[in-house]
>>> print(open('run_27.csv').read())   # CSV, N, CA and C atoms and all ligand atoms
chain,number,residue,atom,x,y,z
A,1,MET,N,-2.5,-2.6,-4.7
A,1,MET,CA,-2.9,-1.7,-3.6
A,1,MET,C,-2.3,-2.3,-2.3
A,2,HIS,N,-1.3,-1.7,-1.8
A,2,HIS,CA,-0.7,-2.2,-0.5
A,2,HIS,C,-1.3,-1.4,0.6
A,3,THR,N,-1.9,-2.1,1.5
A,3,THR,CA,-2.8,-1.5,2.5
A,3,THR,C,-2.1,-0.5,3.4
A,4,GLU,N,-0.8,-0.7,3.6
A,4,GLU,CA,-0.1,0.3,4.5
A,4,GLU,C,0.1,1.6,3.9
A,5,THR,N,-0.1,1.7,2.5
A,5,THR,CA,0.1,3.0,1.9
A,5,THR,C,-1.3,3.6,1.5
A,6,MET,N,-2.3,3.0,2.0
A,6,MET,CA,-3.7,3.5,1.6
A,6,MET,C,-4.1,4.8,2.4
A,7,THR,N,-4.8,5.6,1.8
A,7,THR,CA,-5.4,6.7,2.5
A,7,THR,C,-6.9,6.3,2.8
A,8,ALA,N,-7.6,7.2,3.5
A,8,ALA,CA,-8.9,6.8,3.9
A,8,ALA,C,-9.8,6.5,2.7
A,9,THR,N,-9.7,7.3,1.7
A,9,THR,CA,-10.5,7.1,0.5
A,9,THR,C,-10.3,5.8,-0.2
A,10,ASP,N,-9.2,5.2,0.1
A,10,ASP,CA,-8.8,3.9,-0.6
A,10,ASP,C,-9.3,2.7,0.2
A,11,ILE,N,-9.7,2.9,1.4
A,11,ILE,CA,-10.1,1.8,2.3
A,11,ILE,C,-11.1,0.9,1.7
A,12,ALA,N,-12.0,1.4,0.9
A,12,ALA,CA,-13.0,0.6,0.3
A,12,ALA,C,-12.4,-0.5,-0.6
A,13,TRP,N,-11.3,-0.3,-1.1
A,13,TRP,CA,-10.6,-1.3,-2.0
A,13,TRP,C,-10.0,-2.5,-1.1
A,14,GLN,N,-9.7,-2.2,0.1
A,14,GLN,CA,-8.9,-3.1,0.9
A,14,GLN,C,-9.4,-4.5,0.9
A,15,GLU,N,-10.7,-4.6,1.0
A,15,GLU,CA,-11.3,-5.9,1.2
A,15,GLU,C,-11.1,-6.8,-0.1
A,16,GLN,N,-11.0,-6.1,-1.2
A,16,GLN,CA,-10.8,-6.9,-2.5
A,16,GLN,C,-9.4,-7.1,-2.8
A,17,ALA,N,-8.5,-6.4,-2.2
A,17,ALA,CA,-7.1,-6.5,-2.6
A,17,ALA,C,-6.5,-7.9,-2.1
A,18,MET,N,-6.0,-8.6,-3.1
A,18,MET,CA,-5.4,-9.9,-2.8
A,18,MET,C,-4.2,-9.7,-1.8
A,19,CYS,N,-3.5,-8.6,-2.0
A,19,CYS,CA,-2.2,-8.5,-1.2
A,19,CYS,C,-2.6,-8.1,0.2
A,20,ALA,N,-3.8,-7.7,0.5
A,20,ALA,CA,-4.2,-7.5,1.9
A,20,ALA,C,-4.3,-8.8,2.6
A,21,GLN,N,-4.5,-9.8,1.9
A,21,GLN,CA,-4.6,-11.2,2.6
A,21,GLN,C,-3.2,-11.8,2.7
A,22,THR,N,-2.3,-11.5,1.7
A,22,THR,CA,-1.0,-12.2,1.7
A,22,THR,C,0.0,-11.5,2.5
A,23,GLY,N,-0.1,-10.2,2.7
A,23,GLY,CA,0.9,-9.4,3.3
A,23,GLY,C,1.8,-8.8,2.2
A,24,ALA,N,2.5,-7.7,2.6
A,24,ALA,CA,3.2,-6.9,1.6
A,24,ALA,C,4.6,-7.5,1.2
A,25,ASP,N,5.1,-8.5,1.9
A,25,ASP,CA,6.5,-8.9,1.7
A,25,ASP,C,6.7,-9.3,0.3
A,26,PHE,N,5.8,-10.0,-0.4
A,26,PHE,CA,6.0,-10.4,-1.7
A,26,PHE,C,6.1,-9.2,-2.7
A,27,PHE,N,5.4,-8.1,-2.3
A,27,PHE,CA,5.3,-7.0,-3.2
A,27,PHE,C,6.4,-6.0,-3.1
A,28,PHE,N,7.2,-6.1,-2.0
A,28,PHE,CA,8.3,-5.2,-1.9
A,28,PHE,C,9.6,-6.1,-1.6
A,29,PRO,N,10.0,-6.8,-2.6
A,29,PRO,CA,11.1,-7.8,-2.4
A,29,PRO,C,12.4,-7.0,-2.3
A,30,GLU,N,13.4,-7.7,-1.7
A,30,GLU,CA,14.7,-7.1,-1.6
A,30,GLU,C,15.2,-6.9,-3.0
A,31,PRO,N,16.1,-5.9,-3.2
A,31,PRO,CA,16.7,-5.7,-4.6
A,31,PRO,C,17.3,-7.0,-5.1
A,32,GLY,N,16.9,-7.2,-6.4
A,32,GLY,CA,17.4,-8.4,-7.0
A,32,GLY,C,16.6,-9.7,-6.8
A,33,SER,N,15.6,-9.6,-5.9
A,33,SER,CA,14.7,-10.8,-5.6
A,33,SER,C,13.6,-10.9,-6.7
A,34,SER,N,13.1,-12.0,-6.8
A,34,SER,CA,12.0,-12.3,-7.8
A,34,SER,C,10.7,-11.6,-7.4
A,35,VAL,N,10.0,-11.1,-8.4
A,35,VAL,CA,8.7,-10.5,-8.2
A,35,VAL,C,7.6,-11.5,-8.8
A,36,ARG,N,8.0,-12.7,-9.1
A,36,ARG,CA,7.1,-13.6,-9.7
A,36,ARG,C,5.9,-14.0,-8.9
A,37,GLU,N,6.2,-14.2,-7.6
A,37,GLU,CA,5.1,-14.5,-6.7
A,37,GLU,C,4.1,-13.4,-6.6
A,38,ALA,N,4.6,-12.2,-6.5
A,38,ALA,CA,3.7,-11.0,-6.4
A,38,ALA,C,2.8,-10.9,-7.6
A,39,LYS,N,3.5,-11.1,-8.8
A,39,LYS,CA,2.7,-11.0,-10.0
A,39,LYS,C,1.7,-12.1,-10.2
A,40,ARG,N,2.0,-13.2,-9.7
A,40,ARG,CA,1.0,-14.3,-9.7
A,40,ARG,C,-0.3,-14.0,-8.9
A,41,ILE,N,0.0,-13.4,-7.7
A,41,ILE,CA,-1.1,-12.9,-6.9
A,41,ILE,C,-1.9,-11.8,-7.6
A,42,CYS,N,-1.2,-10.9,-8.2
A,42,CYS,CA,-1.9,-9.8,-8.9
A,42,CYS,C,-2.8,-10.3,-10.0
A,43,GLU,N,-2.4,-11.4,-10.7
A,43,GLU,CA,-3.2,-12.0,-11.7
A,43,GLU,C,-4.5,-12.4,-11.3
A,44,LEU,N,-4.6,-12.8,-10.0
A,44,LEU,CA,-5.9,-13.3,-9.5
A,44,LEU,C,-6.7,-12.2,-8.8
A,45,CYS,N,-6.1,-11.0,-8.8
A,45,CYS,CA,-6.8,-9.9,-8.0
A,45,CYS,C,-7.9,-9.2,-8.8
A,46,PRO,N,-9.0,-9.0,-8.1
A,46,PRO,CA,-10.2,-8.4,-8.9
A,46,PRO,C,-10.0,-6.9,-9.1
A,47,ILE,N,-9.1,-6.2,-8.4
A,47,ILE,CA,-8.9,-4.8,-8.6
A,47,ILE,C,-7.6,-4.4,-9.3
A,48,ARG,N,-7.1,-5.4,-10.0
A,48,ARG,CA,-5.8,-5.2,-10.6
A,48,ARG,C,-5.7,-3.9,-11.5
A,49,SER,N,-6.6,-3.7,-12.4
A,49,SER,CA,-6.4,-2.5,-13.2
A,49,SER,C,-6.6,-1.2,-12.4
A,50,ALA,N,-7.5,-1.2,-11.5
A,50,ALA,CA,-7.6,0.0,-10.6
A,50,ALA,C,-6.4,0.2,-9.8
A,51,CYS,N,-5.8,-0.8,-9.3
A,51,CYS,CA,-4.6,-0.8,-8.6
A,51,CYS,C,-3.4,-0.2,-9.4
A,52,LEU,N,-3.3,-0.6,-10.6
A,52,LEU,CA,-2.3,-0.2,-11.5
A,52,LEU,C,-2.5,1.3,-11.8
A,53,GLU,N,-3.7,1.7,-12.1
A,53,GLU,CA,-4.0,3.2,-12.3
A,53,GLU,C,-3.6,4.0,-11.1
A,54,TYR,N,-3.9,3.5,-9.9
A,54,TYR,CA,-3.6,4.2,-8.7
A,54,TYR,C,-2.1,4.4,-8.6
A,55,ALA,N,-1.4,3.4,-8.9
A,55,ALA,CA,0.1,3.4,-8.7
A,55,ALA,C,0.7,4.4,-9.7
A,56,LEU,N,0.1,4.5,-11.0
A,56,LEU,CA,0.6,5.4,-12.0
A,56,LEU,C,0.2,6.8,-11.6
A,57,ILE,N,-1.0,7.0,-11.1
A,57,ILE,CA,-1.4,8.4,-10.8
A,57,ILE,C,-0.6,8.9,-9.6
A,58,HIS,N,-0.4,8.1,-8.6
A,58,HIS,CA,0.3,8.5,-7.4
A,58,HIS,C,1.8,8.3,-7.5
A,59,ASP,N,2.3,8.0,-8.7
A,59,ASP,CA,3.7,7.8,-9.0
A,59,ASP,C,4.4,7.0,-7.9
A,60,GLU,N,3.8,5.8,-7.7
A,60,GLU,CA,4.4,4.8,-6.7
A,60,GLU,C,5.7,4.3,-7.4
A,61,ARG,N,6.8,4.4,-6.7
A,61,ARG,CA,8.1,4.1,-7.3
A,61,ARG,C,8.5,2.7,-6.9
A,62,PHE,N,8.0,2.2,-5.8
A,62,PHE,CA,8.6,0.9,-5.3
A,62,PHE,C,7.6,-0.2,-5.2
A,63,GLY,N,8.0,-1.4,-5.5
A,63,GLY,CA,7.2,-2.6,-5.3
A,63,GLY,C,6.4,-2.9,-6.6
A,64,VAL,N,5.6,-4.0,-6.4
A,64,VAL,CA,4.8,-4.5,-7.5
A,64,VAL,C,3.4,-3.9,-7.2
A,65,TRP,N,2.8,-3.3,-8.3
A,65,TRP,CA,1.4,-2.8,-8.2
A,65,TRP,C,0.7,-3.2,-9.4
A,66,GLY,N,-0.5,-3.7,-9.3
A,66,GLY,CA,-1.3,-4.0,-10.5
A,66,GLY,C,-0.6,-5.0,-11.4
A,67,GLY,N,0.2,-5.8,-10.8
A,67,GLY,CA,0.9,-6.9,-11.6
A,67,GLY,C,2.1,-6.4,-12.4
A,68,LEU,N,2.5,-5.1,-12.2
A,68,LEU,CA,3.7,-4.6,-12.9
A,68,LEU,C,4.8,-4.2,-11.8
A,69,SER,N,6.0,-4.5,-12.2
A,69,SER,CA,7.2,-4.1,-11.4
A,69,SER,C,7.5,-2.6,-11.6
A,70,GLU,N,8.4,-2.2,-10.8
A,70,GLU,CA,8.8,-0.7,-10.9
A,70,GLU,C,9.2,-0.4,-12.4
A,71,LYS,N,10.1,-1.3,-12.9
A,71,LYS,CA,10.6,-1.1,-14.3
A,71,LYS,C,9.5,-1.1,-15.3
A,72,GLU,N,8.6,-2.0,-15.2
A,72,GLU,CA,7.5,-2.2,-16.1
A,72,GLU,C,6.5,-1.0,-16.1
A,73,ARG,N,6.3,-0.4,-14.9
A,73,ARG,CA,5.5,0.8,-14.7
A,73,ARG,C,6.2,2.0,-15.4
A,74,LEU,N,7.5,2.0,-15.2
A,74,LEU,CA,8.2,3.1,-15.8
A,74,LEU,C,8.1,3.1,-17.3
A,75,GLN,N,8.3,1.9,-17.9
A,75,GLN,CA,8.1,1.7,-19.3
A,75,GLN,C,6.7,2.1,-19.8
A,76,LEU,N,5.7,1.7,-19.0
A,76,LEU,CA,4.3,2.0,-19.4
A,76,LEU,C,4.1,3.5,-19.4
A,77,ARG,N,4.7,4.1,-18.4
A,77,ARG,CA,4.5,5.6,-18.3
A,77,ARG,C,5.2,6.3,-19.5
A,78,ARG,N,6.3,5.7,-19.9
A,78,ARG,CA,7.0,6.3,-21.1
A,78,ARG,C,6.2,6.1,-22.4
A,79,THR,N,5.6,4.9,-22.5
A,79,THR,CA,4.9,4.6,-23.8
A,79,THR,C,3.6,5.4,-23.8
A,80,ARG,N,3.0,5.7,-22.6
A,80,ARG,CA,1.8,6.5,-22.6
A,80,ARG,C,2.0,8.0,-22.8
A,81,GLY,N,3.3,8.4,-22.5
A,81,GLY,CA,3.7,9.8,-22.8
A,81,GLY,C,3.3,10.7,-21.7
A,101,LIG,S1,-3.2,-5.9,-8.1
A,101,LIG,FE1,-1.6,-6.8,-6.9
A,101,LIG,S2,-0.8,-5.1,-5.7
A,101,LIG,FE2,-2.7,-4.4,-6.5
A,101,LIG,S3,-4.2,-4.8,-4.9
A,101,LIG,FE3,-4.2,-6.6,-6.2
A,101,LIG,S4,-2.7,-8.0,-5.3
A,101,LIG,FE4,-2.4,-6.0,-4.5
>>> encode(input="run_27.csv", output="structure tokens")
Amino acid sequence: MHTETMTATDIAWQEQAMCAQTGADFFFPEPGSSVREAKRICELCPIRSACLEYALIHDERFGVWGGLSEKERLQLRRTRG
């Protein structure tokens, strides 16, 4: 959950989001850059699964959400059907 893309109804999540404390830079790396740091932060995040669902529902195309990269979310969407 990247706070700059949040709507009012999502604000309740903000305080628990690890990325709200670290900043969004890790989560939207330059093309070809590593997402390892972002994923490590997501692993420690208490709202990881909710964040991932949010990204899937809202079709978030860019950045790391819920510990998954853009490609990994695309794969997950395909396997879910
Ligand atoms: S799972 Fe990752 S992207 Fe989602 S709110 Fe937590 S730290 Fe941010």
>>> atom_distance(input="run_27.csv", atom1="atom N of A:Cys19", atom2="atom N of A:Cys45")
7.7 Å
>>> residues_near_point(input="run_27.csv", point="(-3.1, -8.8, -5.8)", cutoff="7 Å", atoms="all atoms listed in the file", output="MDAnalysis selection string")
chainID A and resid 1 17:20 38 40:46 48 66:67
>>> closest_residue(input="run_27.csv", among="A:Pro29, A:Trp65, A:Ala24, A:Arg78", to="ligand LIG 101 (chain A)", atoms="all atoms listed in the file")
A:Trp65
>>> residues_near_point(input="run_27.csv", point="(5.3, -8.6, -8.9)", cutoff="6 Å", atoms="only C-alpha atoms", output="PDB file with N, CA and C atoms, in the frame of the given file")
ATOM      1  N   PHE A  27       5.400  -8.100  -2.300  1.00  0.00           N
ATOM      2  CA  PHE A  27       5.300  -7.000  -3.200  1.00  0.00           C
ATOM      3  C   PHE A  27       6.400  -6.000  -3.100  1.00  0.00           C
ATOM      4  N   VAL A  35      10.000 -11.100  -8.400  1.00  0.00           N
ATOM      5  CA  VAL A  35       8.700 -10.500  -8.200  1.00  0.00           C
ATOM      6  C   VAL A  35       7.600 -11.500  -8.800  1.00  0.00           C
ATOM      7  N   ARG A  36       8.000 -12.700  -9.100  1.00  0.00           N
ATOM      8  CA  ARG A  36       7.100 -13.600  -9.700  1.00  0.00           C
ATOM      9  C   ARG A  36       5.900 -14.000  -8.900  1.00  0.00           C
ATOM     10  N   ALA A  38       4.600 -12.200  -6.500  1.00  0.00           N
ATOM     11  CA  ALA A  38       3.700 -11.000  -6.400  1.00  0.00           C
ATOM     12  C   ALA A  38       2.800 -10.900  -7.600  1.00  0.00           C
ATOM     13  N   LYS A  39       3.500 -11.100  -8.800  1.00  0.00           N
ATOM     14  CA  LYS A  39       2.700 -11.000 -10.000  1.00  0.00           C
ATOM     15  C   LYS A  39       1.700 -12.100 -10.200  1.00  0.00           C
ATOM     16  N   VAL A  64       5.600  -4.000  -6.400  1.00  0.00           N
ATOM     17  CA  VAL A  64       4.800  -4.500  -7.500  1.00  0.00           C
ATOM     18  C   VAL A  64       3.400  -3.900  -7.200  1.00  0.00           C
ATOM     19  N   GLY A  67       0.200  -5.800 -10.800  1.00  0.00           N
ATOM     20  CA  GLY A  67       0.900  -6.900 -11.600  1.00  0.00           C
ATOM     21  C   GLY A  67       2.100  -6.400 -12.400  1.00  0.00           C
ATOM     22  N   LEU A  68       2.500  -5.100 -12.200  1.00  0.00           N
ATOM     23  CA  LEU A  68       3.700  -4.600 -12.900  1.00  0.00           C
ATOM     24  C   LEU A  68       4.800  -4.200 -11.800  1.00  0.00           C
ATOM     25  N   SER A  69       6.000  -4.500 -12.200  1.00  0.00           N
ATOM     26  CA  SER A  69       7.200  -4.100 -11.400  1.00  0.00           C
ATOM     27  C   SER A  69       7.500  -2.600 -11.600  1.00  0.00           C
TER      28      SER A  69
END
>>> closest_residue(input="run_27.csv", among="A:Thr22, A:Thr79, A:Glu60, A:Lys71", to="ligand LIG 101 (chain A)", atoms="only N, CA and C atoms and all ligand atoms")
A:Thr22
>>> atom_distance(input="run_27.csv", atom1="atom CA of A:Glu15", atom2="atom CA of A:Leu52")
16.6 Å
>>> closest_residue(input="run_27.csv", among="A:Gln75, A:Gly23, A:Glu37, A:Cys51", to="ligand LIG 101 (chain A)", atoms="only N, CA and C atoms and all ligand atoms")
A:Cys51
>>> atom_distance(input="run_27.csv", atom1="atom N of A:Glu30", atom2="atom C of A:Arg80")
28.7 Å
>>> closest_residue(input="run_27.csv", among="A:Ser49, A:Ile57, A:Ser33, A:Glu72", to="ligand LIG 101 (chain A)", atoms="only C-alpha atoms and all ligand atoms")
A:Ser49
>>> closest_residue(input="run_27.csv", among="A:Ala50, A:Ser34, A:His58, A:Asp25", to="ligand LIG 101 (chain A)", atoms="only C-alpha atoms and all ligand atoms")
A:Ala50
>>> axis_aligned_box(input="run_27.csv", around="ligand LIG 101 (chain A)", padding_each_side="3 Å", output="AutoDock Vina command-line options")
--center_x -2.5 --center_y -6.2 --center_z -6.3 --size_x 9.4 --size_y 9.6 --size_z 9.6
>>> closest_residue(input="run_27.csv", among="A:Phe62, A:Ile47, A:Ala55, A:Pro31", to="ligand LIG 101 (chain A)", atoms="only N, CA and C atoms and all ligand atoms")
A:Ile47
